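Asker: One file: my_file-v3.txt (compact mmCIF, C-alpha atoms and all ligand atoms).
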# COMPACT_ATOMS: atom_id res chain seq x y z
CA MET D 1 -103.23 147.82 74.80
CA LYS D 2 -99.46 148.29 74.40
CA ASP D 3 -96.70 145.94 75.47
CA PHE D 4 -94.36 147.36 78.08
CA ALA D 5 -91.38 147.80 75.71
CA GLU D 6 -93.50 149.46 73.03
CA ALA D 7 -95.09 151.82 75.55
CA LEU D 8 -91.69 152.76 76.99
CA ALA D 9 -90.33 153.48 73.51
CA LEU D 10 -93.32 155.74 72.84
CA VAL D 11 -92.70 157.65 76.07
CA LEU D 12 -88.99 158.14 75.36
CA GLU D 13 -89.42 158.97 71.68
CA GLY D 14 -88.00 162.38 70.89
CA ILE D 15 -87.13 163.35 74.48
CA GLU D 16 -83.96 165.45 74.49
CA PRO D 17 -82.06 166.78 77.50
CA LEU D 18 -83.39 170.18 78.62
CA ALA D 19 -81.46 173.34 77.79
CA SER D 20 -78.32 173.56 79.89
CA GLU D 21 -77.24 176.06 82.50
CA GLN D 22 -73.94 176.70 84.19
CA VAL D 23 -73.79 175.82 87.88
CA ALA D 24 -71.09 175.82 90.53
CA LEU D 25 -69.87 172.36 91.56
CA PRO D 26 -71.58 172.34 94.99
CA GLU D 27 -74.94 172.74 93.22
CA ALA D 28 -74.13 170.05 90.66
CA ILE D 29 -74.20 166.90 92.82
CA GLY D 30 -76.36 164.23 91.18
CA ARG D 31 -76.92 166.33 88.07
CA VAL D 32 -75.80 165.34 84.59
CA MET D 33 -73.12 166.76 82.32
CA ALA D 34 -74.36 168.60 79.22
CA ALA D 35 -70.86 169.17 77.84
CA GLU D 36 -67.35 167.81 78.26
CA ALA D 37 -65.26 169.05 81.18
CA ARG D 38 -61.47 168.98 80.94
CA ALA D 39 -58.77 169.31 83.54
CA ALA D 40 -57.46 172.88 83.76
CA ILE D 41 -54.18 171.72 85.31
CA ASP D 42 -52.01 168.64 85.80
CA LEU D 43 -52.68 166.48 88.85
CA PRO D 44 -50.60 166.61 90.91
CA PRO D 45 -49.89 170.14 89.64
CA PHE D 46 -46.20 169.87 90.70
CA ASP D 47 -43.88 167.28 92.28
CA ARG D 48 -44.84 167.13 95.95
CA THR D 49 -44.05 165.07 99.00
CA ALA D 50 -46.29 162.29 100.26
CA MET D 51 -44.62 162.26 103.69
CA ASP D 52 -43.42 164.54 106.44
CA GLY D 53 -39.61 164.43 106.57
CA PHE D 54 -36.64 165.86 104.71
CA ALA D 55 -36.23 166.71 101.04
CA VAL D 56 -32.90 165.20 100.01
CA ARG D 57 -30.81 164.04 97.07
CA ALA D 58 -31.03 160.24 97.13
CA GLN D 59 -27.32 159.93 96.33
CA ASP D 60 -26.47 161.86 99.54
CA THR D 61 -28.22 159.31 101.76
CA ALA D 62 -26.85 156.20 103.43
CA PRO D 63 -27.14 154.84 106.97
CA GLY D 64 -25.32 157.39 109.16
CA ALA D 65 -24.99 160.07 106.43
CA GLU D 66 -25.23 163.58 107.90
CA LEU D 67 -26.88 166.42 105.96
CA ARG D 68 -27.04 170.12 106.83
CA VAL D 69 -30.67 171.33 107.27
CA ILE D 70 -31.07 174.59 105.35
CA GLY D 71 -34.80 175.33 105.70
CA ASP D 72 -38.34 174.27 106.50
CA LEU D 73 -40.82 173.88 103.64
CA ALA D 74 -44.53 173.94 104.40
CA ALA D 75 -47.38 173.04 102.00
CA GLY D 76 -48.31 176.21 100.11
CA GLY D 77 -45.14 178.02 101.30
CA GLY D 78 -42.03 179.24 99.51
CA THR D 79 -39.12 177.07 98.36
CA ILE D 80 -35.37 176.87 98.61
CA THR D 81 -32.64 175.30 96.41
CA LEU D 82 -30.80 172.28 97.77
CA GLU D 83 -27.04 171.99 97.31
CA PRO D 84 -25.23 168.64 97.63
CA GLY D 85 -24.94 167.58 101.27
CA THR D 86 -27.97 169.57 102.39
CA ALA D 87 -31.58 168.73 103.26
CA ALA D 88 -34.76 170.74 103.89
CA ARG D 89 -37.38 169.83 106.43
CA ILE D 90 -40.62 169.33 104.49
CA SER D 91 -44.30 168.77 105.33
CA THR D 92 -46.71 166.48 103.45
CA GLY D 93 -48.12 168.25 100.39
CA ALA D 94 -45.24 170.75 100.01
CA ALA D 95 -43.50 171.12 96.64
CA ILE D 96 -40.22 169.21 96.23
CA PRO D 97 -37.56 171.96 96.21
CA PRO D 98 -35.14 172.35 93.27
CA GLY D 99 -32.09 170.14 93.79
CA ALA D 100 -33.99 167.51 95.80
CA ASP D 101 -35.32 164.28 94.31
CA SER D 102 -36.52 162.19 97.26
CA ILE D 103 -37.91 162.28 100.77
CA LEU D 104 -36.33 160.89 103.90
CA ARG D 105 -39.21 160.23 106.32
CA VAL D 106 -39.05 161.69 109.84
CA GLU D 107 -39.12 158.10 111.14
CA ASP D 108 -35.91 157.33 109.23
CA ALA D 109 -33.97 160.37 110.42
CA GLU D 110 -32.47 161.80 113.56
CA VAL D 111 -32.08 165.56 113.99
CA ARG D 112 -28.90 166.83 115.69
CA ASP D 113 -28.37 170.59 115.99
CA GLY D 114 -28.69 171.90 112.50
CA THR D 115 -28.14 168.56 110.81
CA VAL D 116 -30.11 165.43 110.07
CA VAL D 117 -28.65 161.94 110.18
CA ALA D 118 -30.20 159.41 107.81
CA ALA D 119 -30.89 155.92 109.20
CA VAL D 120 -31.40 154.49 105.70
CA ALA D 121 -30.44 155.06 102.09
CA VAL D 122 -33.47 156.38 100.19
CA ARG D 123 -34.28 155.40 96.65
CA HIS D 124 -34.43 158.13 93.95
CA GLY D 125 -38.00 159.45 93.84
CA LEU D 126 -39.04 157.85 97.14
CA HIS D 127 -42.26 159.42 98.55
CA VAL D 128 -42.45 161.94 95.69
CA ARG D 129 -45.86 162.38 94.03
CA ARG D 130 -44.97 163.20 90.45
CA ARG D 131 -46.49 166.06 88.52
CA ALA D 132 -49.28 164.78 86.17
CA GLU D 133 -48.92 161.15 87.31
CA ASP D 134 -52.72 161.15 87.80
CA VAL D 135 -54.18 163.63 85.28
CA HIS D 136 -52.77 165.78 82.47
CA ALA D 137 -54.11 169.29 81.83
CA GLY D 138 -56.71 168.95 79.08
CA ASP D 139 -57.72 165.37 79.96
CA VAL D 140 -61.48 164.81 79.67
CA LEU D 141 -62.82 164.28 83.20
CA ALA D 142 -66.56 164.14 82.41
CA ARG D 143 -68.62 163.67 79.26
CA PRO D 144 -72.17 164.60 78.28
CA GLY D 145 -74.57 162.19 79.98
CA ASP D 146 -72.26 161.46 82.91
CA VAL D 147 -73.91 161.78 86.30
CA LEU D 148 -72.00 164.04 88.67
CA THR D 149 -71.21 161.57 91.39
CA VAL D 150 -69.02 162.38 94.38
CA PRO D 151 -65.94 160.81 92.69
CA ARG D 152 -66.44 162.90 89.52
CA LEU D 153 -67.04 166.11 91.44
CA SER D 154 -63.92 165.49 93.49
CA ALA D 155 -61.86 165.05 90.30
CA LEU D 156 -63.29 168.20 88.71
CA ALA D 157 -62.71 170.32 91.81
CA SER D 158 -59.09 169.14 92.15
CA ALA D 159 -58.42 169.80 88.48
CA GLY D 160 -59.45 173.44 88.74
CA VAL D 161 -62.95 173.15 87.28
CA ALA D 162 -65.31 175.48 89.18
CA THR D 163 -68.51 175.29 87.14
CA VAL D 164 -70.17 172.75 84.86
CA ASP D 165 -72.87 172.87 82.18
CA VAL D 166 -75.84 170.73 83.15
CA PRO D 167 -79.39 170.50 81.77
CA ARG D 168 -81.75 172.51 83.95
CA THR D 169 -83.66 170.43 86.50
CA PRO D 170 -87.00 169.22 85.10
CA ARG D 171 -90.10 170.68 86.71
CA VAL D 172 -92.65 168.00 87.56
CA ASP D 173 -96.20 168.94 88.55
CA VAL D 174 -98.11 166.38 90.62
CA ILE D 175 -101.89 166.29 90.95
CA VAL D 176 -103.78 163.64 92.89
CA THR D 177 -107.47 163.15 92.12
CA GLY D 178 -110.18 161.47 94.18
CA SER D 179 -113.03 162.72 96.38
CA GLU D 180 -112.11 159.95 98.84
CA LEU D 181 -108.62 161.28 99.59
CA LEU D 182 -107.72 162.49 103.08
CA PRO D 183 -104.48 164.35 103.78
CA PRO D 184 -102.06 162.81 106.29
CA GLY D 185 -102.97 163.75 109.87
CA ALA D 186 -106.69 164.32 109.16
CA PRO D 187 -109.13 162.33 111.35
CA PRO D 188 -110.42 159.18 109.59
CA GLU D 189 -113.82 159.58 107.90
CA PRO D 190 -116.25 156.99 106.57
CA GLY D 191 -115.60 156.16 102.91
CA LYS D 192 -112.32 158.08 102.86
CA ILE D 193 -108.73 156.87 102.60
CA TYR D 194 -105.40 158.44 103.34
CA GLU D 195 -103.66 159.80 100.29
CA SER D 196 -100.23 158.25 99.70
CA ASN D 197 -99.45 158.62 95.99
CA SER D 198 -98.16 162.19 96.12
CA LEU D 199 -95.69 161.15 98.81
CA ALA D 200 -94.53 157.92 97.12
CA VAL D 201 -94.36 159.27 93.58
CA GLY D 202 -92.87 162.57 94.79
CA ALA D 203 -90.16 160.72 96.71
CA MET D 204 -89.24 158.65 93.66
CA LEU D 205 -89.00 161.78 91.51
CA ALA D 206 -87.02 163.66 94.13
CA ALA D 207 -84.54 160.79 94.47
CA VAL D 208 -83.72 161.02 90.75
CA GLY D 209 -83.69 164.82 90.70
CA SER D 210 -86.57 167.11 89.86
CA ARG D 211 -88.24 170.36 90.83
CA LEU D 212 -91.53 169.13 92.29
CA VAL D 213 -94.69 171.22 92.28
CA HIS D 214 -97.48 169.60 94.29
CA HIS D 215 -101.00 170.86 93.50
CA PRO D 216 -103.97 170.62 95.88
CA PRO D 217 -105.92 167.32 95.64
CA VAL D 218 -108.82 167.41 93.20
CA ILE D 219 -112.32 166.03 93.75
CA ASP D 220 -113.87 163.75 91.13
CA GLU D 221 -115.65 166.42 89.10
CA PHE D 222 -114.92 167.22 85.50
CA ASP D 223 -114.57 171.02 85.79
CA ALA D 224 -112.31 170.83 88.84
CA THR D 225 -110.20 168.16 87.16
CA ARG D 226 -109.86 170.14 83.95
CA ALA D 227 -108.94 173.35 85.80
CA ALA D 228 -106.31 171.54 87.86
CA ILE D 229 -104.79 169.90 84.79
CA GLU D 230 -104.70 173.20 82.90
CA ALA D 231 -102.83 174.76 85.84
CA GLY D 232 -100.39 171.85 85.91
CA LEU D 233 -99.19 172.10 82.34
CA GLU D 234 -96.46 174.69 82.85
CA GLY D 235 -93.63 172.26 83.60
CA ASP D 236 -91.80 169.51 81.80
CA ILE D 237 -93.84 166.62 83.18
CA LEU D 238 -97.38 166.55 84.55
CA ILE D 239 -98.43 163.58 86.66
CA VAL D 240 -102.09 163.06 87.45
CA SER D 241 -102.88 160.18 89.80
CA GLY D 242 -106.23 158.35 89.75
CA GLY D 243 -109.32 158.63 87.59
CA VAL D 244 -107.82 157.14 84.41
CA SER D 245 -109.98 154.03 84.41
CA VAL D 246 -113.47 153.54 83.02
CA GLY D 247 -115.70 154.46 85.99
CA PRO D 248 -118.38 157.16 85.76
CA HIS D 249 -116.31 159.37 88.12
CA ASP D 250 -113.06 158.93 86.19
CA HIS D 251 -112.79 162.39 84.60
CA VAL D 252 -109.11 162.54 83.91
CA LYS D 253 -109.05 161.27 80.33
CA PRO D 254 -111.84 163.59 79.10
CA ALA D 255 -110.15 166.44 80.98
CA PHE D 256 -106.83 165.67 79.25
CA GLU D 257 -108.64 165.85 75.94
CA ALA D 258 -110.40 169.10 76.88
CA CYS D 259 -106.99 170.61 77.71
CA GLY D 260 -105.69 169.70 74.26
CA ILE D 261 -103.31 167.01 75.47
CA GLU D 262 -102.69 164.56 72.68
CA GLU D 263 -103.05 160.91 73.69
CA VAL D 264 -100.10 158.69 72.77
CA PHE D 265 -101.43 155.57 74.47
CA TRP D 266 -103.80 154.34 77.12
CA ARG D 267 -103.32 150.97 78.79
CA VAL D 268 -100.23 148.82 78.98
CA ARG D 269 -99.97 145.05 79.35
CA ILE D 270 -98.60 145.24 82.90
CA LYS D 271 -99.97 144.32 86.32
CA PRO D 272 -100.39 146.45 88.25
CA GLY D 273 -100.61 149.61 86.18
CA LYS D 274 -102.72 148.59 83.20
CA PRO D 275 -104.74 151.83 82.85
CA LEU D 276 -101.64 154.04 82.49
CA TRP D 277 -102.32 156.97 80.14
CA PHE D 278 -99.61 158.94 78.37
CA GLY D 279 -99.80 162.00 76.17
CA ARG D 280 -98.12 165.29 75.33
CA ARG D 281 -99.04 168.92 75.01
CA GLY D 282 -96.27 170.91 73.40
CA SER D 283 -93.13 169.93 75.26
CA THR D 284 -94.98 168.80 78.40
CA LEU D 285 -95.15 165.04 78.96
CA VAL D 286 -98.38 164.02 80.65
CA PHE D 287 -98.84 160.81 82.63
CA GLY D 288 -102.21 159.66 83.96
CA LEU D 289 -101.20 157.16 86.65
CA PRO D 290 -103.68 154.56 87.89
CA GLY D 291 -104.75 155.53 91.41
CA ASN D 292 -103.97 152.24 93.13
CA PRO D 293 -100.79 152.99 95.10
CA LEU D 294 -98.75 150.08 93.76
CA SER D 295 -99.89 150.80 90.22
CA ALA D 296 -98.78 154.42 90.61
CA ILE D 297 -95.40 153.34 91.98
CA VAL D 298 -94.76 150.70 89.30
CA CYS D 299 -95.78 153.07 86.49
CA THR D 300 -93.54 155.79 87.92
CA ALA D 301 -90.56 153.43 88.03
CA LEU D 302 -91.20 152.02 84.56
CA PHE D 303 -92.17 155.13 82.60
CA VAL D 304 -91.93 158.43 84.47
CA LEU D 305 -88.41 158.03 85.85
CA PRO D 306 -86.93 157.07 82.45
CA ALA D 307 -88.55 160.17 80.91
CA LEU D 308 -87.20 162.27 83.78
CA ARG D 309 -83.70 160.82 83.37
CA ARG D 310 -83.71 161.66 79.68
CA LEU D 311 -84.78 165.25 80.38
CA ARG D 312 -82.02 165.52 83.00
CA GLY D 313 -79.55 164.39 80.35
CA GLU D 314 -78.69 160.90 81.65
CA SER D 315 -77.41 158.62 78.92
CA ASP D 316 -79.10 155.51 80.39
CA PRO D 317 -82.74 156.29 81.09
CA GLY D 318 -83.56 152.87 82.55
CA PRO D 319 -85.75 151.48 83.97
CA ARG D 320 -83.06 149.67 85.87
CA PHE D 321 -83.59 146.00 86.56
CA ASP D 322 -81.32 143.75 88.56
CA ARG D 323 -80.96 140.08 87.71
CA GLY D 324 -82.20 137.65 90.34
CA ARG D 325 -83.91 134.35 90.99
CA LEU D 326 -87.29 133.37 92.31
CA GLY D 327 -87.11 131.81 95.77
CA GLU D 328 -90.35 129.94 95.13
CA SER D 329 -92.57 129.17 92.15
CA ALA D 330 -94.95 131.85 90.83
CA GLY D 331 -98.29 131.23 89.15
CA PRO D 332 -98.97 132.25 85.54
CA SER D 333 -99.45 135.98 84.89
CA ASP D 334 -102.84 136.66 83.32
CA ASN D 335 -101.53 137.90 80.00
CA ARG D 336 -99.85 140.95 81.53
CA THR D 337 -96.23 141.33 82.66
CA THR D 338 -96.69 140.99 86.39
CA PHE D 339 -94.73 142.79 89.06
CA LEU D 340 -94.74 140.57 92.14
CA ILE D 341 -94.27 142.36 95.46
CA SER D 342 -91.17 140.65 96.82
CA LYS D 343 -88.61 140.55 99.54
CA LEU D 344 -85.20 140.57 97.88
CA VAL D 345 -82.62 138.64 99.85
CA PRO D 346 -78.97 138.12 98.83
CA GLY D 347 -78.49 134.48 97.79
CA GLU D 348 -75.51 132.34 98.77
CA ASP D 349 -73.79 133.16 95.46
CA GLY D 350 -74.56 136.88 95.94
CA ILE D 351 -77.35 136.86 93.35
CA PRO D 352 -80.52 138.27 94.92
CA VAL D 353 -83.40 135.91 95.54
CA ALA D 354 -86.97 137.24 95.28
CA TRP D 355 -89.53 135.94 97.74
CA PRO D 356 -92.96 137.13 96.62
CA THR D 357 -95.12 138.16 99.57
CA GLU D 358 -98.27 136.14 100.18
CA ARG D 359 -100.45 139.22 99.73
CA GLN D 360 -100.36 140.51 96.16
CA GLY D 361 -102.67 143.36 95.16
CA SER D 362 -102.31 146.80 93.65
CA HIS D 363 -103.90 148.34 96.77
CA MET D 364 -101.72 146.44 99.27
CA THR D 365 -99.37 149.06 100.60
CA GLY D 366 -98.96 146.93 103.75
CA ALA D 367 -97.44 144.09 101.72
CA LEU D 368 -95.37 146.63 99.78
CA GLY D 369 -94.07 147.99 103.07
CA GLU D 370 -92.62 144.57 103.91
CA SER D 371 -90.91 144.28 100.52
CA ASP D 372 -87.87 145.67 98.72
CA GLY D 373 -89.48 145.88 95.30
CA PHE D 374 -90.80 143.58 92.63
CA ALA D 375 -89.92 140.40 90.74
CA VAL D 376 -90.97 140.57 87.11
CA ALA D 377 -92.94 137.70 85.59
CA PRO D 378 -93.11 138.49 81.85
CA HIS D 379 -96.45 138.08 80.15
CA GLY D 380 -96.73 134.84 78.25
CA SER D 381 -94.11 133.13 80.43
CA GLY D 382 -96.61 130.81 82.13
CA SER D 383 -95.86 129.54 85.65
CA LEU D 384 -92.28 130.11 86.78
CA PRO D 385 -90.52 127.43 88.86
CA ALA D 386 -88.52 128.17 92.00
CA GLY D 387 -85.03 129.23 90.91
CA ALA D 388 -86.22 130.79 87.62
CA GLU D 389 -84.13 133.79 86.55
CA VAL D 390 -86.14 136.99 86.73
CA ASP D 391 -85.69 140.74 86.50
CA LEU D 392 -85.98 142.62 89.76
CA LEU D 393 -87.25 146.16 90.12
CA ARG D 394 -86.17 147.88 93.30
CA VAL D 395 -88.18 150.89 94.38
N1 LIG T 401 -114.37 148.05 84.99
C1 LIG T 401 -113.07 148.22 85.21
N2 LIG T 401 -112.69 148.77 86.34
C2 LIG T 401 -111.39 148.94 86.58
C3 LIG T 401 -110.44 148.53 85.64
C4 LIG T 401 -110.87 147.98 84.43
O1 LIG T 401 -110.08 147.60 83.54
N3 LIG T 401 -112.22 147.85 84.25
N4 LIG T 401 -109.10 148.67 85.94
C5 LIG T 401 -108.79 148.61 87.34
C6 LIG T 401 -107.39 148.89 87.54
S1 LIG T 401 -106.30 147.71 86.99
C7 LIG T 401 -106.97 149.97 88.22
S2 LIG T 401 -105.30 150.15 88.55
C8 LIG T 401 -107.87 151.02 88.67
C9 LIG T 401 -107.32 152.36 88.25
O2 LIG T 401 -108.30 153.26 88.39
P1 LIG T 401 -108.13 154.83 88.35
O3 LIG T 401 -106.83 155.22 87.81
O4 LIG T 401 -109.32 155.39 87.77
O5 LIG T 401 -107.95 155.17 89.88
P2 LIG T 401 -109.05 155.46 90.95
O6 LIG T 401 -110.27 154.69 90.63
O7 LIG T 401 -109.14 156.89 91.13
O8 LIG T 401 -108.32 154.81 92.17
C10 LIG T 401 -108.04 153.45 92.25
C11 LIG T 401 -107.81 153.09 93.71
O9 LIG T 401 -106.71 153.79 94.22
C12 LIG T 401 -107.06 154.62 95.32
N5 LIG T 401 -106.33 155.88 95.23
C13 LIG T 401 -106.54 156.81 94.28
N6 LIG T 401 -105.70 157.84 94.48
C14 LIG T 401 -104.98 157.56 95.54
C15 LIG T 401 -103.96 158.24 96.25
N7 LIG T 401 -103.53 159.45 95.84
N8 LIG T 401 -103.42 157.67 97.35
C16 LIG T 401 -103.85 156.45 97.74
N9 LIG T 401 -104.81 155.74 97.11
C17 LIG T 401 -105.39 156.30 96.04
C18 LIG T 401 -108.54 154.82 95.17
O10 LIG T 401 -109.17 155.13 96.37
C19 LIG T 401 -108.97 153.49 94.57
O11 LIG T 401 -109.15 152.54 95.58
O12 LIG T 401 -109.14 150.84 88.10
C20 LIG T 401 -109.64 149.51 88.20
N10 LIG T 401 -110.99 149.50 87.77
O1 LIG T 402 -103.50 147.28 86.88
MO1 LIG T 402 -104.38 147.79 88.23
O2 LIG T 402 -103.06 148.78 88.20
O3 LIG T 402 -104.02 146.12 88.65
O4 LIG T 402 -104.44 147.66 89.84
Any chance you could give the structure as structure tokens?
Answerer:
Amino acid sequence: MKDFAEALALVLEGIEPLASEQVALPEAIGRVMAAEARAAIDLPPFDRTAMDGFAVRAQDTAPGAELRVIGDLAAGGGTITLEPGTAARISTGAAIPPGADSILRVEDAEVRDGTVVAAVAVRHGLHVRRRAEDVHAGDVLARPGDVLTVPRLSALASAGVATVDVPRTPRVDVIVTGSELLPPGAPPEPGKIYESNSLAVGAMLAAVGSRLVHHPPVIDEFDATRAAIEAGLEGDILIVSGGVSVGPHDHVKPAFEACGIEEVFWRVRIKPGKPLWFGRRGSTLVFGLPGNPLSAIVCTALFVLPALRRLRGESDPGPRFDRGRLGESAGPSDNRTTFLISKLVPGEDGIPVAWPTERQGSHMTGALGESDGFAVAPHGSGSLPAGAEVDLLRV
């Protein structure tokens, strides 16, 4: 049985970002840079006005000074050269015309047939957005491994970048196994349960970014399991839920072997999630998730999402823990790092406080539904007192 950190290192070992492709910015949201992107132009690209008003020479202005209006400059329109004693009406975003150096706001001016009378003296450069005060052409705006957030995309678009190189989106195949599984909406049947892992695991994968391929549920028979697994090995990650334990109807491990998938490890010192299986065939990463819903969710957060993030090109694969405190004491974990289903409430000092739910069990989706995630009690830590600092895993 592996420790969590050792198992995670084995999963991540050798994973490189997938080959990159060029995509237009609107398709790039949430994806990850494969190469540097630099500004094509200065930002602002030219001196421009921040206010509606009059382009003027600061030295011409004083309370009561009268300037001849020689034109009207709109954003994106043509320009005009200002001589001493003249002004041009100008709209926000328009280029500062040659000869002008400042803006007299509409509020500070009075228009009288063909002239404008300043109510104030304006300072040199007032309300002018200077060329390149924000970005210089050639500045690096995004680096390999950066996630394309809304702020980054906005910067790239403004700086004249139309496309970016990003690793292609990983394909993840999902297979759920179990003769007891009913699809949502089916009438209840004796001995059967509603299937929830494909939804929960699929939602977690989708939130990070993946091309999901859901396969039909598989009954607990060896041949069916092997055929389904063989058909699921075309992508970058294959997830098989259920059947990785030691029961007589747990066919997944022998089926993995029959499909030539090389085992890297089976079983991790975590609770829930102990029977997690991980292996590889060629470049496909294969996870056998324990069928219990909370086990499947915890294993996805701890192992599958980090692998997915690496394939997508993210520089920090996670898993991402927040720091928090226990609201009440927690009993000793039985030699496995234990993930306690918890409500996470902001504390008075802003640090989240974890309140473990009374019901704790890897099948208890009801308790999970009342929670925000898990508080982590490391194996070997013994009982933890109220107020103990813990890692929190939000799902
Ligand atoms: N003798 C032992 N038995 C078990 C051990 C052990 O060490 N020795 N480990 C237990 C632990 S821990 C877990 S976790 C489970 C994992 O078993 P499997 O991965 O083989 O999963 P299944 O038996 O197929 O299912 C477990 C549980 O989850 C339900 N399930 C399965 N798939 C789904 C799904 N898609 N949606 C919702 N619920 C699902 C299934 O009905 C079972 O109740 O093994 C223990 N046994
Ligand atoms: O480890 Mo199992 O995943 O407790 O339920």
Asker: So that each row is one residue of chain D with an atom at most 8 Å from ligand LIG 402 (chain T), can you give its shortest atom pair and the distance in Å to one decimal, using only C-alpha atoms and all ligand atoms, rows by chain and rising number, as JSON lines?
Answerer:
{"residue": "D:Ile270", "atom": "CA", "partner": "T:LIG402", "partner_atom": "O1", "distance": 6.6}
{"residue": "D:Lys271", "atom": "CA", "partner": "T:LIG402", "partner_atom": "O1", "distance": 4.6}
{"residue": "D:Pro272", "atom": "CA", "partner": "T:LIG402", "partner_atom": "O1", "distance": 3.5}
{"residue": "D:Gly273", "atom": "CA", "partner": "T:LIG402", "partner_atom": "O2", "distance": 3.3}
{"residue": "D:Lys274", "atom": "CA", "partner": "T:LIG402", "partner_atom": "O1", "distance": 4.0}
{"residue": "D:Pro275", "atom": "CA", "partner": "T:LIG402", "partner_atom": "O1", "distance": 6.2}
{"residue": "D:Leu276", "atom": "CA", "partner": "T:LIG402", "partner_atom": "O2", "distance": 7.9}
{"residue": "D:Pro290", "atom": "CA", "partner": "T:LIG402", "partner_atom": "O2", "distance": 5.8}
{"residue": "D:Gly291", "atom": "CA", "partner": "T:LIG402", "partner_atom": "O2", "distance": 7.7}
{"residue": "D:Asn292", "atom": "CA", "partner": "T:LIG402", "partner_atom": "O4", "distance": 5.7}
{"residue": "D:Leu294", "atom": "CA", "partner": "T:LIG402", "partner_atom": "O2", "distance": 7.2}
{"residue": "D:Ser295", "atom": "CA", "partner": "T:LIG402", "partner_atom": "O2", "distance": 4.3}
{"residue": "D:Ala296", "atom": "CA", "partner": "T:LIG402", "partner_atom": "O2", "distance": 7.5}
{"residue": "D:Gly361", "atom": "CA", "partner": "T:LIG402", "partner_atom": "O4", "distance": 7.1}
{"residue": "D:Ser362", "atom": "CA", "partner": "T:LIG402", "partner_atom": "O4", "distance": 4.4}
{"residue": "D:His363", "atom": "CA", "partner": "T:LIG402", "partner_atom": "O4", "distance": 7.0}
Asker: Around ligand LIG 401 (chain T), at most 10 Å away and counting all atoms listed in the file, which residues are there? Put them as a count of residues only, please.
Answerer: 59
Asker: To one decimal place in Å, what is the distance between CA of Leu82 in chain D and CA of Asp42 in chain D?
Answerer: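 Between CA of Leu82 in chain D and CA of Asp42 in chain D the gap is 24.6 Å.
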Asker: Could you tell me, as a ChimeraX atom specification, which residues have any atom at most 12 Å from (-42.0, 175.0, 95.7), counting all atoms listed in the file?
Answerer: /D:45-49,55,72-82,88,90-91,93-100
Asker: Rounded to one decimal in Å, what is the spacing between CA of Arg320 in chain D and CA of Leu368 in chain D?
Answerer: 18.8 Å
Asker: Can you list, as a CSV table (one decimal) with C-alpha atoms, keeping the file's coordinate frame, every protein, DNA or RNA residue that comes within 7 Å of Ala386 in chain D when you count all atoms listed in the file, leaving out same-chain residues fewer than 5 positions away?
Answerer:
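The result, written out as out.csv:
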chain,number,residue,atom,x,y,z
D,326,LEU,CA,-87.3,133.4,92.3
D,327,GLY,CA,-87.1,131.8,95.8
D,328,GLU,CA,-90.4,129.9,95.1
D,329,SER,CA,-92.6,129.2,92.2
Asker: Please indicate the distance in Å from CA of Pro17 in chain D to CA of Glu314 in chain D, rounded to one decimal place.
Answerer: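 Here the two named atoms are 7.9 Å from each other.
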Asker: Using all atoms listed in the file, determine which residues lie at most 7 Å from Glu263 in chain D, disregarding the query and same-chain residues fewer than 3 positions distant; provide the list as number ranges by chain.
Answerer: D: 278-280
Asker: Go ahead and write the residues just picked, C-alpha atoms, as an mmCIF file, keeping the file's coordinate frame.
Answerer:
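Printed below is result08.cif as written:
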data_model
loop_
_atom_site.group_PDB
_atom_site.id
_atom_site.type_symbol
_atom_site.label_atom_id
_atom_site.label_comp_id
_atom_site.auth_asym_id
_atom_site.auth_seq_id
_atom_site.Cartn_x
_atom_site.Cartn_y
_atom_site.Cartn_z
ATOM 1 C CA PHE D 278 -99.610 158.940 78.370
ATOM 2 C CA GLY D 279 -99.800 162.000 76.170
ATOM 3 C CA ARG D 280 -98.120 165.290 75.330
#
Asker: Write out as a PDB file with C-alpha atoms, keeping the file's coordinate frame which residues come within 12 Å of Ala258 in chain D when counting all atoms listed in the file, dropping same-chain ones fewer than 4 positions away.
Answerer:
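The resulting file, part-v3.pdb, is shown below:
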ATOM      1  CA  PHE D 222    -114.920 167.220  85.500  1.00  0.00           C
ATOM      2  CA  ASP D 223    -114.570 171.020  85.790  1.00  0.00           C
ATOM      3  CA  THR D 225    -110.200 168.160  87.160  1.00  0.00           C
ATOM      4  CA  ARG D 226    -109.860 170.140  83.950  1.00  0.00           C
ATOM      5  CA  ALA D 227    -108.940 173.350  85.800  1.00  0.00           C
ATOM      6  CA  ALA D 228    -106.310 171.540  87.860  1.00  0.00           C
ATOM      7  CA  ILE D 229    -104.790 169.900  84.790  1.00  0.00           C
ATOM      8  CA  GLU D 230    -104.700 173.200  82.900  1.00  0.00           C
ATOM      9  CA  HIS D 251    -112.790 162.390  84.600  1.00  0.00           C
ATOM     10  CA  VAL D 252    -109.110 162.540  83.910  1.00  0.00           C
ATOM     11  CA  LYS D 253    -109.050 161.270  80.330  1.00  0.00           C
ATOM     12  CA  PRO D 254    -111.840 163.590  79.100  1.00  0.00           C
ATOM     13  CA  GLU D 262    -102.690 164.560  72.680  1.00  0.00           C
ATOM     14  CA  GLU D 263    -103.050 160.910  73.690  1.00  0.00           C
ATOM     15  CA  ARG D 281     -99.040 168.920  75.010  1.00  0.00           C
TER      16      ARG D 281
END
Asker: Could you tell me which of D:Pro352, D:Gly160, D:Pro170, D:Gly30 comes closest to Leu212 in chain D if we count all atoms listed in the file?
Answerer: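 Smallest separation from Leu212 in chain D among the options: D:Pro170.
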Asker: Counting all atoms listed in the file, what is within 10 Å of Arg89 in chain D, bar same-chain residues fewer than 6 positions away, as a ChimeraX atom specification?
Answerer: /D:52-56,69-74,103-106,116
